[in-house]
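Step one of this worksheet: look at the structure below.
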Amino acid sequence: MLGNTIDYDKFGHCIKCHRNLIVEQIIDQKPTKRFLPDYSEKEYILDDGSRMRVAVCKQCKETLTDKDTPYIMKTVIAGWKKELETLHHWTEEKKEKYMDKYGKLKIVKESDGSHNKNLHL
Ligand SMILES: [Zn+2]
């Protein structure tokens, strides 16, 4: 993706344009994370039957199509890999097993997550 520095999924960042959708504010002297008004989420069903939720900005959400799902999955898996790199207490073997299991997951379809629209914030 042109002009973007990351191409992996990161908490609070749009899955497609990778814009940061989260801000940290100091409220009552405590750093508090807050989603920007552009923050939205989308839920997918994976081929192992599990559900996966991704952050996406409102603009990208409107234009997401089935064609985007391979990119989304690739990005999410890249994000998992990045996360694994930070788990220094995990052995290399454990990390490999994890990626063996989760690195092959595919998006089957969009989940109709409309029933839990107001879950967050
Ligand atoms: Zn976006």
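Please note that chains go A, B, ... in the order of the structure tokens, that every chain numbers its residues from 1, and that ligands are numbered from 1 in the order shown.
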Using only C-alpha atoms, tabulate the residues of region 4-85 of chain A lying at most 10 Å from any atom of region 98-112 of chain A, each with its closest atom pair and that distance in Å to one decimal, by chain and increasing residue number, as a tab-separated table.
residue	atom	partner	partner_atom	distance
A:Lys42	CA	A:Ser111	CA	7.9
A:Glu43	CA	A:Ser111	CA	5.3
A:Tyr44	CA	A:Glu110	CA	4.4
A:Ile45	CA	A:Lys109	CA	5.5
A:Leu46	CA	A:Ile107	CA	4.4
A:Asp47	CA	A:Lys106	CA	5.5
A:Asp48	CA	A:Leu105	CA	7.1
A:Gly49	CA	A:Val108	CA	8.7
A:Ser50	CA	A:Ile107	CA	9.7
A:Arg51	CA	A:Ser111	CA	7.7
A:Met52	CA	A:Ile107	CA	8.7
A:Arg53	CA	A:Ser111	CA	9.3
A:Thr65	CA	A:Glu110	CA	9.7
A:Asp66	CA	A:Lys109	CA	8.1
A:Thr69	CA	A:Ile107	CA	6.5
A:Pro70	CA	A:Ile107	CA	7.4
A:Ile72	CA	A:Ile107	CA	8.6
A:Met73	CA	A:Lys106	CA	6.5
A:Lys74	CA	A:Gly103	CA	8.7
A:Val76	CA	A:Gly103	CA	9.3
A:Ile77	CA	A:Gly103	CA	5.9
A:Ala78	CA	A:Gly103	CA	8.7
A:Trp80	CA	A:Met99	CA	8.2
A:Lys81	CA	A:Met99	CA	7.5
A:Leu84	CA	A:Tyr98	CA	8.9
For the residues in that selection, give me N, CA and C atoms as a PDB file, in the first residue's frame.
ATOM      1  N   LYS A  42     -15.302  -4.717  11.636  1.00  0.00           N
ATOM      2  CA  LYS A  42     -15.979  -5.653  10.760  1.00  0.00           C
ATOM      3  C   LYS A  42     -15.661  -7.058  11.259  1.00  0.00           C
ATOM      4  N   GLU A  43     -16.638  -7.927  11.122  1.00  0.00           N
ATOM      5  CA  GLU A  43     -16.432  -9.276  11.632  1.00  0.00           C
ATOM      6  C   GLU A  43     -16.510 -10.278  10.497  1.00  0.00           C
ATOM      7  N   TYR A  44     -15.591 -11.229  10.530  1.00  0.00           N
ATOM      8  CA  TYR A  44     -15.551 -12.266   9.504  1.00  0.00           C
ATOM      9  C   TYR A  44     -15.611 -13.636  10.147  1.00  0.00           C
ATOM     10  N   ILE A  45     -16.128 -14.582   9.379  1.00  0.00           N
ATOM     11  CA  ILE A  45     -16.113 -15.982   9.808  1.00  0.00           C
ATOM     12  C   ILE A  45     -14.926 -16.640   9.121  1.00  0.00           C
ATOM     13  N   LEU A  46     -14.125 -17.346   9.896  1.00  0.00           N
ATOM     14  CA  LEU A  46     -12.952 -18.023   9.340  1.00  0.00           C
ATOM     15  C   LEU A  46     -13.260 -19.494   9.059  1.00  0.00           C
ATOM     16  N   ASP A  47     -12.356 -20.109   8.286  1.00  0.00           N
ATOM     17  CA  ASP A  47     -12.639 -21.485   7.867  1.00  0.00           C
ATOM     18  C   ASP A  47     -12.529 -22.514   8.985  1.00  0.00           C
ATOM     19  N   ASP A  48     -12.095 -22.098  10.172  1.00  0.00           N
ATOM     20  CA  ASP A  48     -12.150 -23.034  11.295  1.00  0.00           C
ATOM     21  C   ASP A  48     -13.392 -22.776  12.145  1.00  0.00           C
ATOM     22  N   GLY A  49     -14.267 -21.904  11.638  1.00  0.00           N
ATOM     23  CA  GLY A  49     -15.526 -21.639  12.324  1.00  0.00           C
ATOM     24  C   GLY A  49     -15.461 -20.499  13.321  1.00  0.00           C
ATOM     25  N   SER A  50     -14.270 -19.974  13.535  1.00  0.00           N
ATOM     26  CA  SER A  50     -14.167 -18.888  14.509  1.00  0.00           C
ATOM     27  C   SER A  50     -14.508 -17.548  13.866  1.00  0.00           C
ATOM     28  N   ARG A  51     -14.717 -16.589  14.702  1.00  0.00           N
ATOM     29  CA  ARG A  51     -15.007 -15.242  14.238  1.00  0.00           C
ATOM     30  C   ARG A  51     -13.787 -14.363  14.439  1.00  0.00           C
ATOM     31  N   MET A  52     -13.584 -13.469  13.519  1.00  0.00           N
ATOM     32  CA  MET A  52     -12.456 -12.557  13.637  1.00  0.00           C
ATOM     33  C   MET A  52     -12.957 -11.147  13.434  1.00  0.00           C
ATOM     34  N   ARG A  53     -12.548 -10.271  14.332  1.00  0.00           N
ATOM     35  CA  ARG A  53     -12.971  -8.895  14.271  1.00  0.00           C
ATOM     36  C   ARG A  53     -11.788  -8.019  13.890  1.00  0.00           C
ATOM     37  N   THR A  65     -14.863  -5.007  -0.252  1.00  0.00           N
ATOM     38  CA  THR A  65     -15.589  -6.034  -0.991  1.00  0.00           C
ATOM     39  C   THR A  65     -14.952  -7.383  -0.710  1.00  0.00           C
ATOM     40  N   ASP A  66     -15.520  -8.420  -1.280  1.00  0.00           N
ATOM     41  CA  ASP A  66     -14.955  -9.765  -1.118  1.00  0.00           C
ATOM     42  C   ASP A  66     -13.519  -9.829  -1.615  1.00  0.00           C
ATOM     43  N   THR A  69     -10.794  -9.527   1.060  1.00  0.00           N
ATOM     44  CA  THR A  69     -10.609 -10.482   2.152  1.00  0.00           C
ATOM     45  C   THR A  69      -9.247 -11.195   2.137  1.00  0.00           C
ATOM     46  N   PRO A  70      -8.680 -11.564   0.982  1.00  0.00           N
ATOM     47  CA  PRO A  70      -7.332 -12.170   1.054  1.00  0.00           C
ATOM     48  C   PRO A  70      -6.307 -11.205   1.632  1.00  0.00           C
ATOM     49  N   ILE A  72      -6.929  -8.753   3.728  1.00  0.00           N
ATOM     50  CA  ILE A  72      -7.222  -8.596   5.155  1.00  0.00           C
ATOM     51  C   ILE A  72      -6.630  -9.750   5.950  1.00  0.00           C
ATOM     52  N   MET A  73      -6.844 -10.970   5.444  1.00  0.00           N
ATOM     53  CA  MET A  73      -6.326 -12.147   6.147  1.00  0.00           C
ATOM     54  C   MET A  73      -4.805 -12.117   6.207  1.00  0.00           C
ATOM     55  N   LYS A  74      -4.192 -11.753   5.091  1.00  0.00           N
ATOM     56  CA  LYS A  74      -2.729 -11.685   5.019  1.00  0.00           C
ATOM     57  C   LYS A  74      -2.197 -10.661   6.035  1.00  0.00           C
ATOM     58  N   VAL A  76      -3.737  -9.594   8.746  1.00  0.00           N
ATOM     59  CA  VAL A  76      -3.969 -10.046  10.114  1.00  0.00           C
ATOM     60  C   VAL A  76      -2.904 -11.064  10.513  1.00  0.00           C
ATOM     61  N   ILE A  77      -2.605 -11.979   9.610  1.00  0.00           N
ATOM     62  CA  ILE A  77      -1.585 -12.998   9.913  1.00  0.00           C
ATOM     63  C   ILE A  77      -0.220 -12.339  10.118  1.00  0.00           C
ATOM     64  N   ALA A  78       0.085 -11.349   9.301  1.00  0.00           N
ATOM     65  CA  ALA A  78       1.340 -10.603   9.478  1.00  0.00           C
ATOM     66  C   ALA A  78       1.362  -9.920  10.845  1.00  0.00           C
ATOM     67  N   TRP A  80      -0.196 -11.054  13.545  1.00  0.00           N
ATOM     68  CA  TRP A  80       0.061 -12.096  14.547  1.00  0.00           C
ATOM     69  C   TRP A  80       1.547 -12.390  14.639  1.00  0.00           C
ATOM     70  N   LYS A  81       2.183 -12.458  13.482  1.00  0.00           N
ATOM     71  CA  LYS A  81       3.630 -12.729  13.457  1.00  0.00           C
ATOM     72  C   LYS A  81       4.395 -11.654  14.216  1.00  0.00           C
ATOM     73  N   LEU A  84       3.999 -12.128  17.830  1.00  0.00           N
ATOM     74  CA  LEU A  84       4.811 -13.252  18.324  1.00  0.00           C
ATOM     75  C   LEU A  84       6.241 -12.811  18.608  1.00  0.00           C
TER      76      LEU A  84
END
Using only C-alpha atoms and all ligand atoms, find each residue in chain A having at least one atom no more than 10 Å away from ligand 1; report its shortest atom-to-atom pair and that distance in Å (one decimal), rows by chain then rising number, as a Markdown table.
| residue | atom | partner | partner_atom_place_in_ligand_line | distance |
| --- | --- | --- | --- | --- |
| A:His13 | CA | ligand 1 | 1 (Zn) | 8.0 |
| A:Cys14 | CA | ligand 1 | 1 (Zn) | 4.7 |
| A:Ile15 | CA | ligand 1 | 1 (Zn) | 6.5 |
| A:Lys16 | CA | ligand 1 | 1 (Zn) | 5.0 |
| A:Cys17 | CA | ligand 1 | 1 (Zn) | 4.0 |
| A:His18 | CA | ligand 1 | 1 (Zn) | 6.0 |
| A:Arg19 | CA | ligand 1 | 1 (Zn) | 5.9 |
| A:Asn20 | CA | ligand 1 | 1 (Zn) | 8.8 |
| A:Leu21 | CA | ligand 1 | 1 (Zn) | 8.9 |
| A:Asp38 | CA | ligand 1 | 1 (Zn) | 8.7 |
| A:Tyr39 | CA | ligand 1 | 1 (Zn) | 8.9 |
| A:Ser40 | CA | ligand 1 | 1 (Zn) | 9.4 |
| A:Ala55 | CA | ligand 1 | 1 (Zn) | 8.7 |
| A:Val56 | CA | ligand 1 | 1 (Zn) | 5.5 |
| A:Cys57 | CA | ligand 1 | 1 (Zn) | 4.3 |
| A:Lys58 | CA | ligand 1 | 1 (Zn) | 6.9 |
| A:Gln59 | CA | ligand 1 | 1 (Zn) | 6.0 |
| A:Cys60 | CA | ligand 1 | 1 (Zn) | 4.4 |
| A:Lys61 | CA | ligand 1 | 1 (Zn) | 7.2 |
| A:Glu62 | CA | ligand 1 | 1 (Zn) | 9.6 |
| A:Thr63 | CA | ligand 1 | 1 (Zn) | 9.5 |
| A:Leu64 | CA | ligand 1 | 1 (Zn) | 9.6 |
Pick out each residue of region 1-118 of chain A that DSSP on the backbone tags as strand (DSSP E); I need them as a PyMOL selection string. chain A and resi 22-27+30-35+39-46+51-57+107-110
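Between CA of Thr75 (chain A) and CA of Asp7 (chain A) the interatomic distance comes to 6.3 Å.
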Filtered DSSP result for region 3-91 of chain A, state alpha helix (DSSP H), as a count of residues only: 23
Here is a test: counting only C-alpha atoms, which residue of A:Glu41, A:Trp90, A:Lys82, A:Gln25 is nearest to Ile6 (chain A)? A:Lys82
